[in-house]
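structure.csv, holding CSV, C-alpha atoms:
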```
chain,number,residue,atom,x,y,z
A,1,MET,CA,12.2,22.5,25.3
A,2,ALA,CA,15.4,23.4,23.5
A,3,ASP,CA,16.5,19.9,23.4
A,4,THR,CA,14.5,18.7,20.4
A,5,ASP,CA,15.3,18.0,16.8
A,6,TYR,CA,12.0,19.1,15.3
A,7,ASP,CA,8.8,21.1,16.0
A,8,LEU,CA,6.8,18.4,14.4
A,9,VAL,CA,7.3,14.9,13.1
A,10,ILE,CA,4.7,13.2,10.9
A,11,ILE,CA,4.6,9.5,10.6
A,12,GLY,CA,3.2,8.3,7.2
A,13,ALA,CA,3.1,9.9,3.8
A,14,GLY,CA,-0.4,9.1,2.6
A,15,PRO,CA,-2.9,12.0,1.9
A,16,ALA,CA,-3.3,12.8,5.6
A,17,GLY,CA,0.5,13.0,6.3
A,18,LEU,CA,1.3,14.9,3.1
A,19,THR,CA,-1.4,17.4,3.8
A,20,ALA,CA,-0.2,17.9,7.4
A,21,GLY,CA,3.3,18.4,5.9
A,22,ILE,CA,2.0,21.0,3.4
A,23,TYR,CA,0.4,23.0,6.2
A,24,ALA,CA,3.4,22.6,8.6
A,25,ALA,CA,5.9,23.6,5.9
A,26,ARG,CA,3.9,26.7,5.0
A,27,ALA,CA,3.7,27.6,8.7
A,28,ARG,CA,7.6,27.4,8.6
A,29,MET,CA,7.6,24.7,11.3
A,30,LYS,CA,10.7,22.6,11.6
A,31,VAL,CA,9.1,19.4,10.3
A,32,LEU,CA,10.1,16.0,9.2
A,33,LEU,CA,7.9,13.3,7.6
A,34,LEU,CA,8.8,9.7,8.0
A,35,GLU,CA,7.6,7.1,5.5
A,36,LYS,CA,8.5,3.4,5.6
A,37,ALA,CA,7.9,2.6,2.0
A,38,VAL,CA,6.9,5.3,-0.6
A,39,PRO,CA,4.8,8.4,-0.4
A,40,GLY,CA,1.1,7.9,-1.4
A,41,GLY,CA,-0.2,5.3,0.9
A,42,GLN,CA,-3.2,3.3,-0.1
A,43,ILE,CA,-4.1,5.6,-3.0
A,44,LEU,CA,-1.1,4.1,-4.8
A,45,VAL,CA,-3.0,0.9,-5.1
A,46,THR,CA,-6.2,2.6,-6.2
A,47,ASP,CA,-6.7,2.6,-9.9
A,48,TRP,CA,-9.0,5.5,-10.4
A,49,ILE,CA,-10.3,8.1,-8.0
A,50,GLU,CA,-13.6,9.8,-8.8
A,51,ASN,CA,-14.8,11.2,-5.5
A,52,TYR,CA,-11.9,13.6,-4.7
A,53,PRO,CA,-13.1,17.1,-5.7
A,54,GLY,CA,-11.2,19.0,-8.4
A,55,PHE,CA,-10.7,16.2,-10.9
A,56,PRO,CA,-14.0,15.9,-12.8
A,57,GLU,CA,-12.6,13.2,-15.1
A,58,GLY,CA,-11.1,11.4,-12.2
A,59,ILE,CA,-7.4,10.8,-11.5
A,60,SER,CA,-5.3,7.8,-11.1
A,61,GLY,CA,-4.2,7.0,-7.5
A,62,TYR,CA,-0.5,7.2,-8.5
A,63,ASP,CA,-0.9,10.6,-10.2
A,64,LEU,CA,-2.7,12.1,-7.3
A,65,ALA,CA,-0.1,10.7,-4.8
A,66,GLU,CA,2.7,12.2,-7.0
A,67,LYS,CA,1.0,15.6,-7.1
A,68,MET,CA,0.6,15.6,-3.3
A,69,ARG,CA,4.2,14.6,-2.8
A,70,ILE,CA,5.6,17.2,-5.2
A,71,GLN,CA,3.5,19.9,-3.7
A,72,ALA,CA,4.7,19.1,-0.2
A,73,GLN,CA,8.4,18.8,-1.2
A,74,ASP,CA,8.3,22.0,-3.3
A,75,LEU,CA,7.2,23.7,-0.1
A,76,GLY,CA,10.3,22.4,1.6
A,77,LEU,CA,8.9,19.4,3.4
A,78,GLU,CA,11.7,16.9,4.3
A,79,ILE,CA,10.6,13.3,3.7
A,80,GLU,CA,12.8,10.4,5.0
A,81,THR,CA,12.3,6.8,4.0
A,82,VAL,CA,12.6,5.0,7.3
A,83,GLN,CA,10.5,2.8,9.5
A,84,VAL,CA,9.4,3.7,13.0
A,85,HIS,CA,9.9,1.0,15.6
A,86,ALA,CA,8.5,2.5,18.8
A,87,LEU,CA,7.3,5.7,20.4
A,88,ASN,CA,8.2,7.1,23.8
A,89,LEU,CA,5.6,9.7,24.5
A,90,SER,CA,5.2,12.1,27.4
A,91,GLU,CA,3.6,15.5,27.8
A,92,GLY,CA,7.0,17.0,27.1
A,93,ILE,CA,9.4,15.7,24.5
A,94,LYS,CA,8.2,13.0,22.2
A,95,GLU,CA,10.8,10.4,21.2
A,96,ILE,CA,10.5,8.4,17.9
A,97,VAL,CA,12.6,5.3,17.9
A,98,LEU,CA,14.1,4.2,14.5
A,99,LYS,CA,16.4,1.3,13.8
A,100,ASP,CA,19.6,3.1,14.5
A,101,ARG,CA,18.7,6.4,16.1
A,102,SER,CA,16.0,8.3,17.9
A,103,ILE,CA,14.3,11.6,16.9
A,104,ARG,CA,13.1,14.1,19.5
A,105,THR,CA,10.2,16.3,18.7
A,106,LYS,CA,7.9,18.8,20.3
A,107,SER,CA,4.8,17.5,18.6
A,108,LEU,CA,3.8,14.4,16.6
A,109,ILE,CA,1.2,13.5,14.0
A,110,ILE,CA,0.5,9.8,13.5
A,111,ALA,CA,-0.8,9.3,10.0
A,112,SER,CA,0.4,5.7,9.5
A,113,GLY,CA,-2.8,4.6,7.7
A,114,ALA,CA,-4.3,1.2,7.4
A,115,SER,CA,-3.7,-2.1,5.5
A,116,PRO,CA,-6.0,-4.6,3.9
A,117,LYS,CA,-7.5,-7.1,6.3
A,118,LYS,CA,-6.6,-10.7,5.5
A,119,LEU,CA,-9.1,-13.6,5.6
A,120,GLY,CA,-6.7,-16.3,6.5
A,121,ILE,CA,-7.5,-18.3,3.4
A,122,GLY,CA,-3.9,-18.7,2.3
A,123,GLU,CA,-2.9,-15.1,1.6
A,124,ASP,CA,0.7,-15.6,2.7
A,125,LYS,CA,1.2,-18.7,0.5
A,126,TYR,CA,-0.6,-17.4,-2.6
A,127,MET,CA,0.2,-13.7,-2.4
A,128,GLY,CA,1.5,-12.7,-5.8
A,129,LYS,CA,0.5,-16.2,-7.1
A,130,GLY,CA,-3.2,-15.6,-7.5
A,131,ILE,CA,-4.3,-13.9,-4.4
A,132,SER,CA,-4.2,-10.1,-4.5
A,133,PHE,CA,-5.3,-7.0,-2.7
A,134,CYS,CA,-4.5,-4.7,-5.6
A,135,ALA,CA,-6.5,-4.8,-8.9
A,136,THR,CA,-4.5,-1.9,-10.4
A,137,CYS,CA,-1.3,-3.9,-9.9
A,138,ASP,CA,-2.5,-7.3,-10.9
A,139,ALA,CA,-5.7,-7.3,-12.9
A,140,PRO,CA,-3.9,-7.4,-16.3
A,141,PHE,CA,-2.4,-10.8,-15.4
A,142,PHE,CA,-6.0,-12.1,-15.4
A,143,LYS,CA,-6.8,-11.2,-19.0
A,144,ASN,CA,-9.7,-13.4,-20.3
A,145,LYS,CA,-9.6,-15.4,-17.0
A,146,THR,CA,-12.0,-15.9,-14.2
A,147,VAL,CA,-11.5,-14.3,-10.9
A,148,VAL,CA,-13.3,-14.1,-7.5
A,149,ALA,CA,-13.6,-10.8,-5.7
A,150,ILE,CA,-14.5,-10.8,-2.0
A,151,GLY,CA,-16.3,-8.0,-0.2
A,152,GLY,CA,-19.2,-5.6,-0.6
A,153,GLY,CA,-17.9,-2.2,0.3
A,154,ASP,CA,-16.8,0.6,-1.9
A,155,THR,CA,-13.3,-0.8,-2.6
A,156,ALA,CA,-14.6,-4.3,-3.4
A,157,VAL,CA,-17.3,-3.1,-5.8
A,158,GLN,CA,-15.2,-0.4,-7.5
A,159,GLU,CA,-12.2,-2.8,-8.0
A,160,ALA,CA,-14.5,-5.6,-9.2
A,161,ILE,CA,-15.8,-3.3,-11.9
A,162,PHE,CA,-12.2,-2.5,-12.8
A,163,LEU,CA,-11.4,-6.2,-13.0
A,164,THR,CA,-14.0,-6.7,-15.7
A,165,LYS,CA,-11.8,-4.7,-18.1
A,166,PHE,CA,-9.5,-7.7,-18.1
A,167,ALA,CA,-11.2,-10.8,-16.7
A,168,LYS,CA,-13.9,-12.5,-18.7
A,169,LYS,CA,-15.9,-13.2,-15.5
A,170,VAL,CA,-15.8,-11.8,-12.0
A,171,TYR,CA,-17.7,-13.5,-9.1
A,172,LEU,CA,-18.3,-11.0,-6.3
A,173,VAL,CA,-18.6,-12.9,-3.1
A,174,HIS,CA,-20.3,-11.1,-0.3
A,175,ARG,CA,-21.4,-12.3,3.2
A,176,ARG,CA,-24.7,-10.3,3.1
A,177,ASP,CA,-27.5,-10.2,0.6
A,178,GLU,CA,-26.9,-6.5,-0.3
A,179,LEU,CA,-23.9,-4.3,-1.0
A,180,ARG,CA,-22.6,-1.7,1.4
A,181,ALA,CA,-21.0,0.2,-1.4
A,182,THR,CA,-22.2,3.7,-2.4
A,183,LYS,CA,-25.2,3.7,-4.8
A,184,ILE,CA,-23.4,4.8,-8.0
A,185,LEU,CA,-21.0,1.9,-7.7
A,186,GLN,CA,-23.8,-0.5,-7.0
A,187,GLU,CA,-25.7,0.7,-10.2
A,188,ARG,CA,-22.5,0.1,-12.3
A,189,ALA,CA,-21.9,-3.3,-10.8
A,190,PHE,CA,-25.5,-4.5,-11.3
A,191,ALA,CA,-25.4,-3.2,-14.9
A,192,ASN,CA,-22.1,-5.1,-15.6
A,193,ASP,CA,-22.9,-8.4,-17.2
A,194,LYS,CA,-19.4,-9.8,-16.4
A,195,ILE,CA,-20.1,-9.6,-12.7
A,196,GLU,CA,-22.0,-12.5,-11.0
A,197,PHE,CA,-23.0,-11.9,-7.4
A,198,VAL,CA,-22.6,-14.7,-4.9
A,199,TRP,CA,-24.7,-13.5,-1.9
A,200,ASP,CA,-24.7,-14.6,1.7
A,201,SER,CA,-21.3,-16.3,1.2
A,202,VAL,CA,-17.8,-16.3,2.6
A,203,ALA,CA,-14.6,-17.6,1.2
A,204,THR,CA,-13.1,-20.4,3.3
A,205,GLY,CA,-10.0,-21.3,1.3
A,206,VAL,CA,-8.3,-21.6,-2.1
A,207,ASN,CA,-6.7,-24.5,-3.9
A,208,GLY,CA,-4.1,-24.7,-6.6
A,209,PHE,CA,-0.7,-26.0,-7.2
A,210,PHE,CA,1.3,-23.3,-9.0
A,211,GLY,CA,-1.3,-20.6,-8.7
A,212,ILE,CA,-5.0,-20.6,-7.8
A,213,GLU,CA,-7.4,-23.0,-9.5
A,214,GLY,CA,-10.4,-22.6,-7.3
A,215,VAL,CA,-11.9,-20.6,-4.4
A,216,HIS,CA,-13.9,-22.5,-1.7
A,217,VAL,CA,-17.1,-20.6,-0.8
A,218,LYS,CA,-19.7,-21.4,1.9
A,219,ASN,CA,-23.2,-20.0,1.9
A,220,ILE,CA,-23.7,-18.9,5.5
A,221,LYS,CA,-27.5,-19.3,5.3
A,222,THR,CA,-27.7,-22.8,3.9
A,223,ASN,CA,-24.2,-23.9,5.0
A,224,LYS,CA,-23.7,-25.3,1.4
A,225,GLU,CA,-20.1,-25.3,0.3
A,226,THR,CA,-19.0,-25.0,-3.3
A,227,THR,CA,-15.8,-24.3,-5.2
A,228,ILE,CA,-15.7,-21.6,-7.8
A,229,LYS,CA,-13.3,-22.4,-10.5
A,230,ALA,CA,-11.1,-19.3,-10.8
A,231,ASP,CA,-7.5,-18.2,-11.6
A,232,GLY,CA,-7.4,-15.4,-9.1
A,233,CYS,CA,-8.8,-14.2,-5.9
A,234,PHE,CA,-9.0,-10.5,-4.9
A,235,ILE,CA,-9.8,-9.7,-1.3
A,236,TRP,CA,-11.3,-6.4,-0.1
A,237,VAL,CA,-12.9,-7.1,3.3
A,238,GLY,CA,-11.9,-4.0,5.2
A,239,ILE,CA,-8.7,-2.7,6.8
A,240,LEU,CA,-6.6,-2.8,9.9
A,241,PRO,CA,-4.8,0.2,11.4
A,242,ASN,CA,-1.0,0.3,11.0
A,243,THR,CA,-0.2,0.7,14.7
A,244,GLU,CA,2.4,-2.0,15.5
A,245,PHE,CA,4.9,0.7,16.7
A,246,ILE,CA,2.3,2.4,18.8
A,247,LYS,CA,1.6,-0.3,21.4
A,248,ASP,CA,-0.1,1.3,24.4
A,249,SER,CA,1.4,4.8,23.9
A,250,VAL,CA,-1.9,6.4,22.9
A,251,LYS,CA,-5.5,5.4,23.4
A,252,THR,CA,-7.2,3.3,20.8
A,253,ASP,CA,-10.7,2.0,20.2
A,254,GLU,CA,-11.6,-1.7,20.4
A,255,PHE,CA,-10.4,-2.3,16.8
A,256,GLY,CA,-7.1,-0.5,17.4
A,257,PHE,CA,-7.9,2.8,15.7
A,258,ILE,CA,-6.5,5.8,17.5
A,259,VAL,CA,-9.1,8.0,19.4
A,260,ALA,CA,-8.9,11.8,19.0
A,261,ASP,CA,-10.8,14.9,19.9
A,262,ALA,CA,-12.1,17.5,17.4
A,263,LYS,CA,-8.5,18.9,17.2
A,264,MET,CA,-7.2,15.5,16.2
A,265,GLN,CA,-5.4,15.4,19.5
A,266,THR,CA,-5.0,12.0,21.1
A,267,ASN,CA,-5.0,11.4,24.9
A,268,VAL,CA,-1.4,12.6,24.9
A,269,PRO,CA,-1.0,16.4,24.6
A,270,GLY,CA,0.9,17.3,21.5
A,271,VAL,CA,0.3,14.0,19.8
A,272,TYR,CA,-2.2,14.1,17.0
A,273,VAL,CA,-3.7,11.6,14.6
A,274,ALA,CA,-4.9,11.9,11.0
A,275,GLY,CA,-6.4,9.8,8.3
A,276,ASP,CA,-7.3,6.1,8.2
A,277,VAL,CA,-5.5,5.2,11.4
A,278,ARG,CA,-8.0,7.4,13.3
A,279,ASP,CA,-11.2,6.2,14.9
A,280,THR,CA,-13.5,7.9,12.3
A,281,PRO,CA,-16.8,7.1,10.6
A,282,LEU,CA,-15.5,7.6,7.1
A,283,ARG,CA,-12.1,6.8,5.5
A,284,GLN,CA,-11.6,8.7,2.3
A,285,ILE,CA,-8.9,10.9,0.7
A,286,SER,CA,-11.1,13.9,1.3
A,287,THR,CA,-11.5,13.1,5.0
A,288,ALA,CA,-7.8,12.3,5.4
A,289,VAL,CA,-6.7,15.6,4.0
A,290,GLY,CA,-9.1,17.4,6.4
A,291,ASP,CA,-7.7,15.5,9.3
A,292,GLY,CA,-4.1,16.3,8.2
A,293,ALA,CA,-4.8,20.0,8.0
A,294,ILE,CA,-6.5,20.2,11.4
A,295,ALA,CA,-3.8,18.2,13.0
A,296,ALA,CA,-1.0,20.3,11.6
A,297,VAL,CA,-2.6,23.6,12.6
A,298,CYS,CA,-3.4,22.4,16.0
A,299,ALA,CA,0.1,21.1,16.5
A,300,GLU,CA,1.4,24.5,15.5
A,301,HIS,CA,-0.9,26.1,18.2
A,302,TYR,CA,0.3,23.6,20.7
A,303,ILE,CA,4.0,24.3,20.3
A,304,GLU,CA,3.3,28.1,20.3
A,305,ASN,CA,1.8,27.7,23.7
A,306,LEU,CA,4.6,25.6,25.2
B,1,MET,CA,16.2,5.8,-15.4
B,2,ALA,CA,19.7,5.7,-14.2
B,3,GLU,CA,22.3,3.6,-15.9
B,4,ASN,CA,22.6,1.6,-12.6
B,5,ILE,CA,19.5,-0.4,-13.5
B,6,ILE,CA,19.8,-2.5,-16.6
B,7,GLU,CA,16.7,-2.8,-18.7
B,8,ILE,CA,16.4,-6.5,-19.8
B,9,ASP,CA,14.0,-8.5,-22.0
B,10,ASP,CA,13.0,-12.1,-22.5
B,11,ASP,CA,16.0,-12.6,-24.9
B,12,SER,CA,18.7,-11.2,-22.6
B,13,PHE,CA,17.3,-12.7,-19.4
B,14,GLU,CA,19.4,-15.8,-19.4
B,15,GLU,CA,22.7,-14.0,-20.2
B,16,ILE,CA,22.3,-11.1,-17.9
B,17,VAL,CA,20.4,-12.7,-15.0
B,18,LEU,CA,21.0,-16.4,-14.9
B,19,LYS,CA,24.6,-16.5,-16.0
B,20,SER,CA,25.7,-13.5,-13.8
B,21,ASP,CA,28.6,-14.1,-11.4
B,22,LYS,CA,27.1,-11.5,-9.1
B,23,PRO,CA,23.6,-11.8,-7.4
B,24,VAL,CA,20.9,-10.2,-9.5
B,25,MET,CA,17.7,-8.3,-8.6
B,26,VAL,CA,15.0,-8.4,-11.2
B,27,ASP,CA,12.2,-5.8,-10.9
B,28,PHE,CA,9.1,-7.0,-12.8
B,29,TRP,CA,7.1,-3.9,-13.7
B,30,ALA,CA,4.8,-2.4,-16.2
B,31,PRO,CA,4.0,1.2,-17.2
B,32,TRP,CA,0.4,1.0,-16.1
B,33,CYS,CA,1.4,0.0,-12.5
B,34,GLY,CA,1.4,2.9,-10.1
B,35,PRO,CA,3.0,1.1,-7.2
B,36,CYS,CA,5.8,-0.1,-9.6
B,37,LYS,CA,6.6,3.5,-10.5
B,38,ALA,CA,6.3,4.4,-6.8
B,39,ILE,CA,9.0,2.0,-5.6
B,40,GLY,CA,11.3,3.1,-8.4
B,41,PRO,CA,13.2,5.7,-6.4
B,42,THR,CA,13.7,3.2,-3.5
B,43,VAL,CA,15.2,0.6,-5.9
B,44,GLU,CA,17.2,3.3,-7.6
B,45,ALA,CA,18.7,4.4,-4.2
B,46,LEU,CA,19.6,0.9,-3.2
B,47,SER,CA,21.2,0.3,-6.6
B,48,GLN,CA,23.5,3.3,-5.9
B,49,THR,CA,24.6,1.7,-2.6
B,50,TYR,CA,24.8,-1.9,-3.6
B,51,GLY,CA,25.5,-1.7,-7.3
B,52,ASP,CA,29.0,-2.9,-6.9
B,53,GLN,CA,28.0,-6.2,-5.3
B,54,MET,CA,24.6,-6.8,-7.0
B,55,ARG,CA,23.3,-6.4,-10.5
B,56,PHE,CA,20.1,-4.4,-10.6
B,57,THR,CA,17.8,-5.1,-13.6
B,58,LYS,CA,14.2,-4.5,-14.6
B,59,VAL,CA,11.9,-6.2,-17.0
B,60,ASN,CA,8.7,-4.8,-18.6
B,61,VAL,CA,6.1,-7.6,-18.2
B,62,ASP,CA,3.9,-6.2,-21.0
B,63,GLU,CA,6.7,-6.5,-23.6
B,64,ASN,CA,8.2,-9.6,-22.2
B,65,PRO,CA,5.5,-12.1,-21.2
B,66,LEU,CA,7.8,-15.2,-21.0
B,67,SER,CA,10.0,-14.2,-18.1
B,68,PRO,CA,7.1,-13.4,-15.6
B,69,SER,CA,5.2,-16.6,-16.7
B,70,LYS,CA,8.3,-18.7,-16.3
B,71,TYR,CA,8.6,-17.6,-12.6
B,72,GLY,CA,4.9,-17.6,-11.9
B,73,VAL,CA,4.7,-13.8,-11.5
B,74,GLN,CA,1.1,-12.8,-11.3
B,75,ALA,CA,1.4,-9.6,-9.4
B,76,ILE,CA,3.6,-6.6,-9.7
B,77,PRO,CA,5.7,-5.0,-8.5
B,78,THR,CA,7.6,-8.3,-7.8
B,79,LEU,CA,11.3,-8.3,-7.1
B,80,ILE,CA,13.1,-11.6,-7.6
B,81,PHE,CA,16.7,-12.0,-6.4
B,82,PHE,CA,18.7,-14.6,-8.3
B,83,LYS,CA,22.0,-16.1,-7.0
B,84,ASN,CA,23.9,-18.5,-9.3
B,85,GLY,CA,20.8,-18.7,-11.6
B,86,GLU,CA,18.5,-19.8,-8.8
B,87,ILE,CA,15.8,-17.8,-7.0
B,88,ALA,CA,17.1,-16.7,-3.6
B,89,GLU,CA,14.3,-14.4,-2.5
B,90,GLN,CA,11.1,-13.0,-3.9
B,91,ILE,CA,9.2,-10.0,-2.7
B,92,THR,CA,5.8,-9.0,-4.0
B,93,GLY,CA,4.0,-5.6,-3.5
B,94,MET,CA,5.0,-2.4,-1.9
B,95,VAL,CA,7.9,-3.0,0.4
B,96,ALA,CA,9.6,-0.9,3.1
B,97,LYS,CA,13.1,0.3,2.2
B,98,GLU,CA,14.4,-1.3,5.4
B,99,LYS,CA,13.1,-4.7,4.5
B,100,LEU,CA,14.4,-4.5,1.0
B,101,GLU,CA,17.8,-3.5,2.3
B,102,GLU,CA,17.8,-6.4,4.8
B,103,THR,CA,16.9,-8.8,2.0
B,104,ILE,CA,19.8,-7.5,-0.2
B,105,LYS,CA,22.3,-7.8,2.7
B,106,GLY,CA,21.1,-11.3,3.4
B,107,ILE,CA,21.8,-12.4,-0.1
B,108,LEU,CA,25.2,-10.7,-0.4
```

Translate this file's structure into structure tokens.
Amino acid sequence: MADTDYDLVIIGAGPAGLTAGIYAARARMKVLLLEKAVPGGQILVTDWIENYPGFPEGISGYDLAEKMRIQAQDLGLEIETVQVHALNLSEGIKEIVLKDRSIRTKSLIIASGASPKKLGIGEDKYMGKGISFCATCDAPFFKNKTVVAIGGGDTAVQEAIFLTKFAKKVYLVHRRDELRATKILQERAFANDKIEFVWDSVATGVNGFFGIEGVHVKNIKTNKETTIKADGCFIWVGILPNTEFIKDSVKTDEFGFIVADAKMQTNVPGVYVAGDVRDTPLRQISTAVGDGAIAAVCAEHYIENL
Amino acid sequence: MAENIIEIDDDSFEEIVLKSDKPVMVDFWAPWCGPCKAIGPTVEALSQTYGDQMRFTKVNVDENPLSPSKYGVQAIPTLIFFKNGEIAEQITGMVAKEKLEETIKGIL
């Protein structure tokens, strides 16, 4: 396989992709990392990270992303800002299709991550005008205002707590009657008197002329509909895999997440997956970096045996 | 930051942005906003390429509350592109370099 540009190409510069890059660069593989926006991935929109070991006081998402990027680039990892449009995968050479050229590589790690799921309540119209997925970006615009947060998982609860630093009142709307978030976050949320819980309820829409004035909420047990008067609406109801460019080139589960074995290898030999885009029971920075390390080392073994 | 990107404030907004004879990009940002810092290098790179045809500016929303409120900015990073004093395009959130470049080309 002389006719390739790289030993390894990594798609996505979140924690999984950057870790894979660190391992591949140290293994002296000829490696390129492709990132469509900026290195860091979803941790860039995370205000504060408390569950990644090594930072007892916690660390901001931006700072952690920057440290990972610097570590990878100092080791010689080449990062290119470009979007991947398609993949042509075979057992032999893997081709990555960009806008104006293609890259040929012996092995590939897909670490393209995930994006916040939308509810279809007007996100496109009100995005940046009252609806948000990012408290660390937008919370200060809601100083002494009332906001609605939607969701019951770790992200929703942690970010709702962060919102209380600015907002005078946060309604946390959740479709069940208990939270899914980890206990320490639940304890903090229940102890926070700025947070009011709206159980068994889903958001059905928003209204407002320039920005948001109210969020329509329906109780799914009683079917009663109400409107919460609020200036902002933050949505954290799960994620969708970033797999538009993948189509049917690798096997995915019913939700579109990529399926892999214990070596992080997909159904295509030499094609690996790491991080949130993988079909995995837990999506954390700590699991993403583990995935990235395994994928890079297994990719190295794979090309050694070609 | 590079001299390619002009730091503006509420007072200079009209003169530098609205009265410009070239199209202007305004990057609404704040020091506490990680994603704003993260897109910095992308905007910087594009300002190197398109700086002759478009004026690149940034405004700190903490120090200059009037400009974001005038344009309904409630989220950052927000990039607003002005042409002849009017809004031509608006992009909120993290954005791929390719999309940003297409937007700039569309305005020029």

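Take CA of Gly93 in chain B and CA of Gly120 in chain A: the distance between them is 18.1 Å.
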
Closest-contact table, range 22-58 of chain B side, partner range 61-67 of chain A, 8 Å, counting only C-alpha atoms, as a Markdown table:
```
| residue | atom | partner | partner_atom | distance |
| --- | --- | --- | --- | --- |
| B:Gly34 | CA | A:Tyr62 | CA | 5.0 |
| B:Pro35 | CA | A:Tyr62 | CA | 7.2 |
| B:Ala38 | CA | A:Tyr62 | CA | 7.5 |
```

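CA of Met29 in chain A to CA of Ala72 in chain A spans 13.1 Å [interatomic distance, one decimal].
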
Practice task
Compile the residues of chain B that lie within 7 Å of chain A, evaluated using only C-alpha atoms, and express the compilation as an MDAnalysis selection string.
Solution key: chainID B and resid 33:35 38:39 72:76 92 94:98

Just the residues within 7 Å of Glu7 in chain B, please, counting all atoms listed in the file, with nothing from its chain fewer than 4 positions along; format it as a CSV table (one decimal) with C-alpha atoms, keeping the file's coordinate frame.
```
chain,number,residue,atom,x,y,z
B,57,THR,CA,17.8,-5.1,-13.6
B,58,LYS,CA,14.2,-4.5,-14.6
B,59,VAL,CA,11.9,-6.2,-17.0
```

Polymer residues at most 8 Å from Phe197 in chain A, only C-alpha atoms, same-chain spacing of 5 or more positions, as a PDB file with C-alpha atoms, in the frame of the given file:
```
ATOM      1  CA  TYR A 171     -17.700 -13.500  -9.100  1.00  0.00           C
ATOM      2  CA  LEU A 172     -18.300 -11.000  -6.300  1.00  0.00           C
ATOM      3  CA  VAL A 173     -18.600 -12.900  -3.100  1.00  0.00           C
ATOM      4  CA  HIS A 174     -20.300 -11.100  -0.300  1.00  0.00           C
TER       5      HIS A 174
END
```

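Interatomic distance, CA of Lys169 in chain A to CA of Lys145 in chain A: 6.8 Å.
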
Exercise for the section: Please check which residues have atoms at most 9 Å from (-14.9, -7.2, 6.3) in the file's coordinates, counting all atoms listed in the file, and write them as an MDAnalysis selection string. Expected result: chainID A and resid 117 119 151:153 175 236:239

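Nearest-residue note for Val206 in chain A: choosing from A:Ile258, A:Val157, A:Val84, A:Val147, the minimum distance belongs to A:Val147, counting only C-alpha atoms.
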
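Distances from B:Asp62, B:Asp52, B:Asp9, B:Asp27 to Ile80 in chain B were compared using only C-alpha atoms, and the smallest one belongs to B:Asp27.
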
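Using all atoms listed in the file, the protein and nucleic acid residues lying no more than 12 Å from Ile121 in chain A, apart from those fewer than 4 places from it along its own chain, are A:Lys117, A:Lys125, A:Tyr126, A:Met127, A:Ile131, A:Ser132, A:Ile150, A:Val202, A:Ala203, A:Thr204, A:Gly205, A:Val206, A:Asn207, A:Ile212, A:Gly214, A:Val215, A:His216, A:Val217, A:Cys233, A:Phe234, A:Ile235.
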
Handout entry: Selection: 9 Å around Lys168 in chain A, all atoms listed in the file, excl. self and same-chain fewer than 2 positions, as a ChimeraX atom specification
Key = /A:142-147,163-166,170,194

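The residue that comes closest to Leu100 in chain B, out of B:Asp10, B:Ala45, B:Lys19, B:Phe28 and on the basis of only C-alpha atoms, is B:Ala45.
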
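Checking B:Pro31, B:Gly51, B:Pro65, B:Gly85 one by one against Glu15 in chain B, counting only C-alpha atoms, you find the shortest gap at B:Gly85.
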
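When all atoms listed in the file are used to measure the gap to Trp32 in chain B, the shortest distance among B:Gln90, B:Glu102, B:Asn60, B:Leu108 belongs to B:Asn60.
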